[in-house]
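Trainee: To be precise about what I am sending: the file is called data38.cif and holds mmCIF, C-alpha atoms and all ligand atoms.
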data_data
loop_
_atom_site.label_atom_id
_atom_site.label_comp_id
_atom_site.auth_asym_id
_atom_site.auth_seq_id
_atom_site.Cartn_x
_atom_site.Cartn_y
_atom_site.Cartn_z
CA MET A 1 123.72 82.27 85.56
CA GLY A 2 123.57 82.96 81.81
CA ARG A 3 123.62 86.55 80.54
CA ALA A 4 120.00 86.52 79.32
CA SER A 5 118.65 84.75 82.38
CA PHE A 6 117.59 87.83 84.36
CA CYS A 7 115.24 89.01 81.61
CA GLU A 8 113.85 85.48 81.39
CA LYS A 9 113.20 85.64 85.12
CA MET A 10 110.99 88.72 84.65
CA ALA A 11 108.20 86.30 83.71
CA GLU A 12 108.34 84.83 87.25
CA ILE A 13 107.71 88.20 88.96
CA ASP A 14 104.20 88.70 90.38
CA TYR A 15 103.77 91.96 88.45
CA ASP A 16 103.80 93.00 84.81
CA ILE A 17 106.36 95.79 84.45
CA ASP A 18 106.82 97.49 81.10
CA LEU A 19 110.59 97.42 80.65
CA ASP A 20 110.16 98.07 76.90
CA ALA A 21 109.01 101.58 77.82
CA VAL A 22 112.04 102.02 80.11
CA GLU A 23 114.39 100.82 77.39
CA ASP A 24 112.86 103.23 74.84
CA VAL A 25 113.20 106.25 77.13
CA VAL A 26 116.73 105.38 78.26
CA ARG A 27 117.88 104.93 74.65
CA SER A 28 116.13 108.05 73.34
CA ARG A 29 117.69 110.20 76.05
CA GLY A 30 121.10 108.58 75.88
CA ALA A 31 120.93 107.95 79.64
CA ARG A 32 123.93 106.17 81.17
CA ARG A 33 123.05 106.11 84.85
CA ILE A 34 119.72 104.93 86.29
CA VAL A 35 118.39 104.80 89.82
CA LEU A 36 115.74 102.13 90.20
CA GLN A 37 113.08 102.75 92.87
CA LEU A 38 110.44 100.25 93.96
CA PRO A 39 107.85 100.10 96.76
CA GLU A 40 109.23 98.16 99.74
CA GLY A 41 107.08 95.11 98.97
CA MET A 42 108.64 94.90 95.50
CA LEU A 43 112.30 95.29 96.51
CA GLN A 44 112.57 91.50 96.33
CA TYR A 45 112.36 91.88 92.53
CA SER A 46 114.88 94.71 92.31
CA LEU A 47 117.87 92.53 91.40
CA VAL A 48 116.06 90.83 88.52
CA ILE A 49 114.74 94.15 87.17
CA ALA A 50 118.09 95.95 87.52
CA LYS A 51 120.05 93.13 85.93
CA CYS A 52 117.50 92.74 83.13
CA LEU A 53 117.83 96.47 82.37
CA GLU A 54 121.61 96.10 82.27
CA GLU A 55 121.24 93.13 79.91
CA ARG A 56 118.99 95.16 77.60
CA LEU A 57 120.98 98.37 77.78
CA ASP A 58 124.63 97.71 77.29
CA GLY A 59 126.86 100.09 79.25
CA VAL A 60 124.07 101.52 81.40
CA GLU A 61 124.69 101.50 85.14
CA VAL A 62 121.72 100.76 87.42
CA PHE A 63 121.64 101.63 91.13
CA ILE A 64 118.97 99.83 93.16
CA HIS A 65 117.53 102.35 95.63
CA ALA A 66 117.03 100.44 98.88
CA ASP A 67 115.57 103.27 100.97
CA GLN A 68 111.83 103.19 101.46
CA THR A 69 109.80 105.00 98.82
CA PHE A 70 106.36 105.26 100.36
CA GLY A 71 104.74 106.73 97.29
CA ALA A 72 105.36 108.90 94.26
CA CYS A 73 105.73 111.69 96.85
CA ASP A 74 108.92 110.08 98.06
CA LEU A 75 111.54 110.24 95.29
CA HIS A 76 114.57 111.37 97.35
CA PHE A 77 115.24 113.66 94.40
CA GLY A 78 117.28 116.26 96.28
CA GLU A 79 119.85 113.84 97.72
CA LEU A 80 120.11 111.83 94.50
CA ASP A 81 120.59 114.98 92.46
CA ILE A 82 123.68 116.05 94.39
CA THR A 83 125.16 112.59 94.86
CA LEU A 84 124.55 109.92 92.21
CA LYS A 85 123.24 112.46 89.66
CA PRO A 86 121.19 109.87 87.75
CA ASP A 87 120.16 110.63 84.19
CA ILE A 88 116.83 108.97 84.95
CA ILE A 89 115.09 107.79 88.10
CA VAL A 90 112.94 104.81 87.17
CA HIS A 91 110.15 104.84 89.76
CA VAL A 92 108.16 101.62 89.61
CA GLY A 93 104.68 100.98 90.96
CA HIS A 94 103.25 104.47 91.50
CA SER A 95 101.74 107.02 89.15
CA PRO A 96 103.10 110.60 89.28
CA TYR A 97 102.21 112.65 92.35
CA PRO A 98 99.91 115.60 91.53
CA PRO A 99 101.97 118.82 91.81
CA GLU A 100 98.94 120.79 93.02
CA LEU A 101 99.00 118.72 96.22
CA ALA A 102 102.65 119.56 96.76
CA HIS A 103 104.61 122.25 94.90
CA LYS A 104 105.15 123.36 91.32
CA ASN A 105 108.78 122.20 91.21
CA LEU A 106 107.50 118.64 90.96
CA GLU A 107 106.65 119.26 87.28
CA PRO A 108 110.11 120.06 85.87
CA GLN A 109 111.66 117.26 87.91
CA GLY A 110 109.29 114.94 86.13
CA SER A 111 111.40 114.99 83.01
CA ARG A 112 114.13 113.03 84.77
CA ILE A 113 111.69 110.70 86.46
CA LEU A 114 110.14 107.85 84.57
CA TYR A 115 107.06 106.38 86.26
CA VAL A 116 106.56 102.75 85.31
CA GLY A 117 103.42 100.82 86.19
CA ALA A 118 103.61 97.47 88.00
CA TYR A 119 100.42 95.53 87.39
CA SER A 120 99.59 92.62 89.68
CA LYS A 121 99.05 89.28 88.01
CA LEU A 122 96.53 88.26 90.68
CA GLY A 123 93.05 87.61 89.32
CA VAL A 124 89.61 88.80 90.42
CA ASN A 125 87.47 86.34 92.37
CA ARG A 126 83.89 86.80 91.15
CA LYS A 127 82.31 85.23 94.25
CA GLN A 128 84.23 87.54 96.57
CA VAL A 129 83.30 90.66 94.62
CA LEU A 130 79.61 89.67 94.78
CA GLU A 131 79.91 88.81 98.49
CA ALA A 132 81.32 92.28 99.16
CA ALA A 133 78.52 93.90 97.14
CA ARG A 134 75.80 91.94 98.96
CA LEU A 135 77.35 92.89 102.29
CA LEU A 136 77.20 96.56 101.34
CA ARG A 137 73.59 96.24 100.24
CA GLU A 138 72.32 94.12 103.13
CA GLU A 139 74.25 95.71 106.03
CA TYR A 140 74.31 99.32 104.89
CA ASP A 141 71.55 99.65 102.32
CA VAL A 142 74.05 100.75 99.69
CA SER A 143 72.36 101.14 96.33
CA ARG A 144 75.30 102.37 94.23
CA ILE A 145 78.76 100.93 94.83
CA GLY A 146 81.94 102.89 94.17
CA ILE A 147 84.93 100.83 93.04
CA THR A 148 88.36 101.91 94.23
CA THR A 149 91.81 100.40 94.00
CA THR A 150 95.52 101.21 93.91
CA ALA A 151 97.86 101.62 90.94
CA GLN A 152 98.79 97.90 91.00
CA HIS A 153 95.25 96.71 90.25
CA VAL A 154 93.71 99.40 88.02
CA HIS A 155 93.74 97.01 85.04
CA LYS A 156 91.21 94.81 86.90
CA VAL A 157 88.59 97.50 87.42
CA GLY A 158 86.70 96.81 84.18
CA GLU A 159 86.31 93.15 85.15
CA ILE A 160 85.05 94.05 88.65
CA GLU A 161 82.60 96.51 87.15
CA GLU A 162 81.21 93.86 84.78
CA ILE A 163 80.82 91.33 87.60
CA LEU A 164 78.88 93.84 89.69
CA LYS A 165 76.65 94.97 86.84
CA ALA A 166 75.91 91.38 85.81
CA GLY A 167 74.99 90.72 89.47
CA GLY A 168 72.40 93.52 89.35
CA PHE A 169 74.36 96.17 91.24
CA LYS A 170 74.66 99.82 90.31
CA VAL A 171 78.27 100.95 90.06
CA ALA A 172 80.14 104.25 90.17
CA VAL A 173 83.77 104.55 89.06
CA HIS A 174 85.72 107.77 88.69
CA SER A 175 87.41 108.09 85.31
CA GLY A 176 90.81 109.21 86.60
CA ARG A 177 92.95 112.20 85.79
CA SER A 178 95.89 111.59 83.52
CA PRO A 179 98.76 111.12 84.29
CA TYR A 180 98.17 111.18 88.04
CA PHE A 181 95.22 108.84 88.55
CA ARG A 182 93.93 105.96 86.45
CA HIS A 183 90.21 105.16 86.68
CA ALA A 184 89.14 104.06 90.21
CA GLN A 185 92.64 104.72 91.56
CA VAL A 186 93.15 106.29 94.99
CA ILE A 187 96.30 107.21 96.91
CA GLY A 188 96.61 107.41 100.68
CA CYS A 189 96.27 111.19 100.75
CA ASP A 190 93.83 111.85 97.92
CA TYR A 191 90.39 110.34 97.66
CA SER A 192 88.77 113.35 96.04
CA LEU A 193 87.93 111.59 92.76
CA ALA A 194 86.38 108.62 94.58
CA ARG A 195 84.48 110.98 96.87
CA ALA A 196 83.10 112.89 93.89
CA VAL A 197 81.30 109.89 92.35
CA LYS A 198 77.70 109.18 93.34
CA ALA A 199 78.24 106.15 95.58
CA ASP A 200 76.75 105.24 98.98
CA GLY A 201 79.54 102.79 99.82
CA TYR A 202 82.74 101.38 98.34
CA ILE A 203 84.48 98.19 97.39
CA PHE A 204 88.22 98.56 97.72
CA PHE A 205 90.15 96.01 95.66
CA GLY A 206 93.69 95.52 96.96
CA GLY A 207 95.82 94.56 99.96
CA GLY A 208 96.36 96.06 103.41
CA VAL A 209 94.17 98.49 105.33
CA PHE A 210 96.04 101.73 104.65
CA HIS A 211 93.99 102.78 101.61
CA PRO A 212 90.54 101.48 102.59
CA LEU A 213 90.71 103.06 106.05
CA GLY A 214 91.81 106.34 104.47
CA LEU A 215 88.87 106.00 102.10
CA TYR A 216 86.55 105.65 105.08
CA LEU A 217 88.00 108.77 106.74
CA ALA A 218 87.68 110.73 103.50
CA THR A 219 84.07 109.69 102.79
CA LEU A 220 82.60 108.37 106.09
CA LYS A 221 80.80 105.74 103.98
CA PRO A 222 80.90 101.94 104.29
CA VAL A 223 84.02 100.28 102.87
CA VAL A 224 84.44 96.57 102.16
CA LYS A 225 87.82 95.29 101.01
CA VAL A 226 88.26 92.47 98.50
CA ASP A 227 91.85 91.36 99.00
CA PRO A 228 93.36 89.38 96.10
CA TYR A 229 96.53 88.64 98.14
CA SER A 230 94.82 86.97 101.10
CA GLY A 231 91.73 85.91 99.11
CA SER A 232 89.44 87.50 101.71
CA VAL A 233 86.51 89.89 101.96
CA GLU A 234 86.67 92.26 104.93
CA ASP A 235 84.21 94.88 106.12
CA LEU A 236 86.37 97.76 107.37
CA THR A 237 83.49 100.09 108.16
CA SER A 238 83.52 99.64 111.94
CA SER A 239 87.34 99.90 112.11
CA GLY A 240 87.07 103.12 110.10
CA GLU A 241 84.35 104.40 112.41
CA LYS A 242 86.53 103.71 115.49
CA ILE A 243 89.44 105.63 113.98
CA TYR A 244 87.11 108.48 113.01
CA ARG A 245 85.80 108.73 116.60
CA SER A 246 89.37 108.78 117.96
CA ARG A 247 90.30 111.49 115.47
CA LEU A 248 87.36 113.60 116.64
CA PHE A 249 88.60 113.17 120.20
CA ALA A 250 92.06 114.39 119.12
CA VAL A 251 90.47 117.41 117.41
CA SER A 252 88.42 118.20 120.52
CA LYS A 253 91.62 118.14 122.62
CA ALA A 254 93.21 120.68 120.24
CA ILE A 255 90.29 123.12 120.29
CA GLY A 256 91.58 126.16 122.18
CA ALA A 257 95.26 125.35 121.47
CA ARG A 258 97.21 128.61 121.10
CA ARG A 259 100.72 127.44 120.23
CA TRP A 260 101.06 125.15 117.27
CA GLY A 261 103.98 123.22 115.83
CA ILE A 262 103.51 123.10 112.06
CA ILE A 263 105.58 120.28 110.62
CA VAL A 264 106.67 121.10 107.09
CA GLY A 265 107.52 118.06 104.97
CA ILE A 266 110.73 118.19 102.96
CA LYS A 267 110.47 114.94 101.01
CA THR A 268 110.28 115.62 97.26
CA GLY A 269 106.48 115.50 96.98
CA GLN A 270 105.55 116.20 100.60
CA TYR A 271 106.49 119.87 100.71
CA ARG A 272 103.17 121.73 100.59
CA PRO A 273 103.75 125.49 100.90
CA TRP A 274 100.11 126.26 100.03
CA LEU A 275 98.96 124.18 102.99
CA VAL A 276 101.54 125.59 105.39
CA ARG A 277 100.38 129.10 104.40
CA LYS A 278 96.74 128.15 104.95
CA LEU A 279 97.51 126.88 108.47
CA VAL A 280 99.72 129.87 109.30
CA ASN A 281 96.96 132.28 108.23
CA ALA A 282 94.27 130.38 110.16
CA ILE A 283 96.37 130.30 113.35
CA ALA A 284 97.26 133.99 113.02
CA GLU A 285 93.61 134.93 112.42
CA ALA A 286 92.60 133.00 115.53
CA GLY A 287 95.22 134.94 117.53
CA GLY A 288 97.53 131.95 118.03
CA GLU A 289 101.24 131.42 117.55
CA TYR A 290 103.20 128.82 115.63
CA ALA A 291 106.67 127.44 115.01
CA LEU A 292 107.66 125.96 111.63
CA ILE A 293 109.45 122.63 111.89
CA ALA A 294 111.06 121.08 108.78
CA SER A 295 111.15 117.32 108.77
CA GLU A 296 111.58 114.49 106.31
CA VAL A 297 110.17 111.61 108.35
CA THR A 298 108.46 112.73 111.54
CA THR A 299 108.60 110.26 114.39
CA LEU A 300 107.30 110.12 117.93
CA GLN A 301 110.90 110.33 119.22
CA GLN A 302 111.42 113.54 117.23
CA LEU A 303 108.35 115.16 118.75
CA VAL A 304 109.38 114.15 122.27
CA ALA A 305 112.84 115.66 121.66
CA LEU A 306 111.40 118.88 120.17
CA ASP A 307 108.64 119.47 122.67
CA ASN A 308 109.76 121.90 125.39
CA GLN A 309 106.22 122.43 126.65
CA TRP A 310 105.74 125.55 124.50
CA TYR A 311 103.57 123.62 122.06
CA ASP A 312 99.89 122.93 122.71
CA ALA A 313 99.34 120.89 119.53
CA PHE A 314 101.06 119.80 116.33
CA THR A 315 99.97 119.38 112.75
CA ILE A 316 101.85 117.44 110.09
CA THR A 317 101.69 118.74 106.51
CA SER A 318 103.90 116.07 104.90
CA CYS A 319 102.11 112.73 104.85
CA PRO A 320 98.63 113.02 106.39
CA ARG A 321 98.76 109.37 107.33
CA LEU A 322 101.43 109.99 109.98
CA PRO A 323 99.03 111.59 112.49
CA THR A 324 96.33 108.97 111.93
CA ASP A 325 98.70 106.00 112.12
CA ASP A 326 101.73 106.80 114.29
CA PHE A 327 101.09 109.29 117.09
CA TRP A 328 98.34 107.76 119.20
CA SER A 329 100.48 107.47 122.29
CA TYR A 330 101.62 111.11 122.31
CA GLU A 331 100.09 113.19 125.10
CA LYS A 332 99.42 116.23 122.89
CA PRO A 333 97.18 116.25 119.83
CA VAL A 334 99.01 115.57 116.55
CA LEU A 335 96.59 116.35 113.74
CA THR A 336 96.27 116.17 110.00
CA PRO A 337 95.99 119.61 108.36
CA GLY A 338 92.22 119.17 107.87
CA GLU A 339 91.76 118.29 111.54
CA ALA A 340 94.00 121.19 112.62
CA LEU A 341 91.82 123.61 110.63
CA MET A 342 88.74 122.16 112.36
CA ALA A 343 90.37 122.68 115.79
CA ILE A 344 91.55 126.20 114.95
CA GLU A 345 88.01 127.06 113.81
CA GLY A 346 86.68 125.42 117.01
CA ARG A 347 84.36 122.89 115.35
CA LEU A 348 84.00 119.11 115.20
CA GLU A 349 82.14 118.92 111.93
CA PRO A 350 82.22 118.51 109.05
CA TYR A 351 85.20 116.19 109.39
CA ARG A 352 87.84 116.91 106.74
CA PHE A 353 90.48 114.43 105.69
CA PRO A 354 93.22 114.86 104.80
CA TRP A 355 93.39 118.64 104.29
S1 LIG B 1 99.64 108.99 101.71
FE1 LIG B 1 101.63 109.75 102.31
S2 LIG B 1 103.08 108.28 101.42
FE2 LIG B 1 101.10 108.00 100.36
S3 LIG B 1 101.22 109.32 98.54
FE3 LIG B 1 100.26 110.51 100.17
S4 LIG B 1 101.91 111.66 101.15
FE4 LIG B 1 102.82 109.99 99.97
#
Would it be possible to restate this file's structure as structure tokens?
Mentor:
Amino acid sequence: MGRASFCEKMAEIDYDIDLDAVEDVVRSRGARRIVLQLPEGMLQYSLVIAKCLEERLDGVEVFIHADQTFGACDLHFGELDITLKPDIIVHVGHSPYPPELAHKNLEPQGSRILYVGAYSKLGVNRKQVLEAARLLREEYDVSRIGITTTAQHVHKVGEIEEILKAGGFKVAVHSGRSPYFRHAQVIGCDYSLARAVKADGYIFFGGGVFHPLGLYLATLKPVVKVDPYSGSVEDLTSSGEKIYRSRLFAVSKAIGARRWGIIVGIKTGQYRPWLVRKLVNAIAEAGGEYALIASEVTTLQQLVALDNQWYDAFTITSCPRLPTDDFWSYEKPVLTPGEALMAIEGRLEPYRFPW
């Protein structure tokens, strides 16, 4: 394979990634060692990107980080900082994680972390967008549609908005919050900007169900997904409703719990001391007890091993999607922080997700 061939192969990748920006930053800082992080679904492109960077930046060493990076919350900064000691972590595909959701140390670390957008080359299907909008109007009487998406598709939002407006629909799109959220962007643990717009239902443009189901839990409003990967339109409202009902059941089981396990996340952007304090204070005020449990990735096996029958319920402060996605089979309630606060206060409404 010729020396320039990896950079030529960048054109074949399904995403536009701004390596010019990476090159500029690496050169201006005189960086010699880079760690390259990508979402799991993009690891298949890691070799081409790493080798292209090495072609562009003579003498620079690139380590491909193969561990999962679930989001911008998941930089593995601590381990990297005492082992590889990279000059720059190039984190592709996510925008920076808001420090106010985690801890203030995220800000200074930012100077050694370069967030690089990865923009999907998939197009917008006009018919599918209009089908989703009609579904929202006819099934749920939605008069104003909120548009939401993930970082990979934010560049398509303007086009979706135009299609909807030309089709006679009223649209609401949040304008983002630089540098953490582009317009219409949501992350799995923060839907506050989408929730703040005046919409009666949402179109989610993107793949998977992780974000649209989270959007349902955060808003309790109809959500229809337009998936550019599968080329499908899917109404996720009833699936969201089922999960919501199950979450209420879990909260009801935890009402009256006296002894809580508070799981404290220790991934770079999942440590939330403000939230731990809030839970500790609420439990203490209610006359309960708690144990603090530090954990990077909390699994069902971990809980089984930890649980010596002292605990009545657990709450996970790291990634709020763990309780809603992974702990259904556990006999004791495992709640998001918002749900735990509901249980501690002894109420089932209003539902709060995630905290
Ligand atoms: S949902 Fe979980 S993995 Fe995603 S950004 Fe939030 S804390 Fe990180």
Trainee: If we count only C-alpha atoms and set the cut-off at 8 Å, which residues sit around His153 of chain A, ignoring sequence neighbours fewer than 5 positions away in its own chain? Please answer as a list of chain:residue names.
Mentor: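 So, after excluding close chain neighbours, the residues are A:Tyr119, A:Ser120, A:Phe205, A:Gly206.
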Trainee: Would you please work out which residue, of A:Asp325, A:Asp58, A:Glu138, A:Glu345, is nearest to ligand LIG 1 (chain B) when using all atoms listed in the file?
Mentor: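 Checking each candidate against ligand LIG 1 (chain B), we get A:Asp325 as the closest.
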Trainee: Tell me, counting all atoms listed in the file, for each residue of chain A within 8 Å of ligand LIG 1 (chain B), which pair of atoms is nearest and how far apart they are in Å to one decimal, in rows ordered by chain and increasing number, as CSV.
Mentor:
residue,atom,partner,partner_atom,distance
A:Thr69,CA,B:LIG1,S2,7.9
A:Phe70,CA,B:LIG1,S2,4.6
A:Gly71,CA,B:LIG1,S3,4.5
A:Ala72,CA,B:LIG1,S3,6.0
A:Cys73,CA,B:LIG1,FE4,4.6
A:Asp74,CA,B:LIG1,FE4,6.4
A:Tyr97,CA,B:LIG1,S3,7.1
A:Ile187,CA,B:LIG1,S3,5.6
A:Gly188,CA,B:LIG1,S1,3.6
A:Cys189,CA,B:LIG1,FE3,4.1
A:Asp190,CA,B:LIG1,FE3,6.9
A:Gly269,CA,B:LIG1,FE4,7.3
A:Gln270,CA,B:LIG1,S4,5.8
A:Ser318,CA,B:LIG1,S4,6.1
A:Cys319,CA,B:LIG1,S4,3.9
A:Pro320,CA,B:LIG1,FE1,6.0
A:Arg321,CA,B:LIG1,S1,5.7
A:Leu322,CA,B:LIG1,FE1,7.7
Trainee: Rank A:Pro354, A:Gly167, A:Pro212, A:Pro228 by their smallest atom-to-atom distance to Leu335 of chain A, using only C-alpha atoms, and report the top residue only.
Mentor: A:Pro354
Trainee: Select, counting only C-alpha atoms, all protein, DNA and RNA residues no farther than 10 Å from (103.9, 129.1, 125.5) in file coordinates, and express the selection as a list in words.
Mentor: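 All residues meeting the 10 Å criterion around (103.9, 129.1, 125.5) are Arg258, Arg259, Trp260, Glu289, Tyr290, Asn308, Gln309, Trp310, Tyr311 and Asp312 of chain A.
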Trainee: Would you please work out which residue, of A:Val154, A:Gln37, A:Val142, A:Ser46, is nearest to Val92 of chain A when using all atoms listed in the file?
Mentor: A:Gln37
Trainee: Using all atoms listed in the file for the distances, tell me which of A:Ile263, A:Ala151, A:Leu47, A:Val224 is nearest to Val129 of chain A.
Mentor: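 Ranked by minimum distance to Val129 of chain A, first place goes to A:Val224.
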Trainee: Residues at most 12 Å from Glu159 of chain A, counting only C-alpha atoms, excluding those fewer than 4 positions away in the same chain, as a ChimeraX atom specification?
Mentor: /A:123-126,129,147,153-155,163-166,205
Trainee: Of the candidates A:Glu139, A:Glu100, A:Glu339, A:Asp81, which one gets nearest to Asp235 of chain A if we count only C-alpha atoms?
Mentor: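 Smallest separation from Asp235 of chain A among the options: A:Glu139.
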Trainee: Between A:Leu348, A:Leu101, A:Ala291, A:Ile89, which one has atoms that come closest to Ala313 of chain A, using all atoms listed in the file?
Mentor: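 The answer is A:Ala291, which sits nearest to Ala313 of chain A.
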Trainee: Tell me, as a list in words, which residues lie within 12 Å of Tyr140 of chain A, counting all atoms listed in the file; anything in the same chain fewer than 2 positions away does not count.
Mentor: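 Everything that qualifies: Ala132, Ala133, Arg134, Leu135, Leu136, Arg137, Glu138, Val142, Ser143, Arg144, Ile145, Asp200, Gly201, Tyr202, Lys221, Pro222, Val223, Val224, Asp235, Thr237 and Ser238 of chain A.
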Trainee: Would you put the residues from that selection into a file with C-alpha atoms, as a PDB file, in the frame of the given file?
Mentor:
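Once written, part31.pdb looks like this:
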ATOM      1  CA  ALA A 132      81.320  92.280  99.160  1.00  0.00           C
ATOM      2  CA  ALA A 133      78.520  93.900  97.140  1.00  0.00           C
ATOM      3  CA  ARG A 134      75.800  91.940  98.960  1.00  0.00           C
ATOM      4  CA  LEU A 135      77.350  92.890 102.290  1.00  0.00           C
ATOM      5  CA  LEU A 136      77.200  96.560 101.340  1.00  0.00           C
ATOM      6  CA  ARG A 137      73.590  96.240 100.240  1.00  0.00           C
ATOM      7  CA  GLU A 138      72.320  94.120 103.130  1.00  0.00           C
ATOM      8  CA  VAL A 142      74.050 100.750  99.690  1.00  0.00           C
ATOM      9  CA  SER A 143      72.360 101.140  96.330  1.00  0.00           C
ATOM     10  CA  ARG A 144      75.300 102.370  94.230  1.00  0.00           C
ATOM     11  CA  ILE A 145      78.760 100.930  94.830  1.00  0.00           C
ATOM     12  CA  ASP A 200      76.750 105.240  98.980  1.00  0.00           C
ATOM     13  CA  GLY A 201      79.540 102.790  99.820  1.00  0.00           C
ATOM     14  CA  TYR A 202      82.740 101.380  98.340  1.00  0.00           C
ATOM     15  CA  LYS A 221      80.800 105.740 103.980  1.00  0.00           C
ATOM     16  CA  PRO A 222      80.900 101.940 104.290  1.00  0.00           C
ATOM     17  CA  VAL A 223      84.020 100.280 102.870  1.00  0.00           C
ATOM     18  CA  VAL A 224      84.440  96.570 102.160  1.00  0.00           C
ATOM     19  CA  ASP A 235      84.210  94.880 106.120  1.00  0.00           C
ATOM     20  CA  THR A 237      83.490 100.090 108.160  1.00  0.00           C
ATOM     21  CA  SER A 238      83.520  99.640 111.940  1.00  0.00           C
TER      22      SER A 238
END
Trainee: List as a ChimeraX atom specification: which residues have an atom within 8 Å of (108.0, 99.5, 90.7), counting all atoms listed in the file?
Mentor: /A:17,37-39,42,91-94,116-118
Trainee: What does the distance from atom CA of Ala184 of chain A to atom CA of Glu161 of chain A come to in Å, to one decimal?
Mentor: 10.4 Å
Trainee: Could you jot down the atom CA of Glu55 of chain A to atom CA of Val26 of chain A separation for me, Å, one decimal place?
Mentor: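 We find that atom CA of Glu55 of chain A and atom CA of Val26 of chain A lie 13.2 Å from each other.
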Trainee: Got a sec: who's within 12 Å of Gly59 of chain A, counting all atoms listed in the file, leaving out chain neighbours fewer than 4 positions off, as a short mmCIF file (atom, residue, chain, number, x, y, z; two decimals) with C-alpha atoms, keeping the file's coordinate frame?
Mentor:
data_model
loop_
_atom_site.label_atom_id
_atom_site.label_comp_id
_atom_site.auth_asym_id
_atom_site.auth_seq_id
_atom_site.Cartn_x
_atom_site.Cartn_y
_atom_site.Cartn_z
CA VAL A 26 116.73 105.38 78.26
CA ARG A 27 117.88 104.93 74.65
CA GLY A 30 121.10 108.58 75.88
CA ALA A 31 120.93 107.95 79.64
CA ARG A 32 123.93 106.17 81.17
CA ARG A 33 123.05 106.11 84.85
CA ILE A 34 119.72 104.93 86.29
CA LYS A 51 120.05 93.13 85.93
CA LEU A 53 117.83 96.47 82.37
CA GLU A 54 121.61 96.10 82.27
CA GLU A 55 121.24 93.13 79.91
#
Trainee: Need to verify the contact set: Gln128 of chain A, 8 Å, all atoms listed in the file, exclusion of same-chain residues closer than 4 positions in sequence. Can you return it as a list in words?
Mentor: Ala132, Val226, Ser232 and Val233 of chain A
Trainee: Tell me, in Å to one decimal, how far atom CA of Pro96 of chain A is from atom CA of Ile113 of chain A.
Mentor: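 Answer for the atom CA of Pro96 of chain A to atom CA of Ile113 of chain A separation: 9.0 Å.
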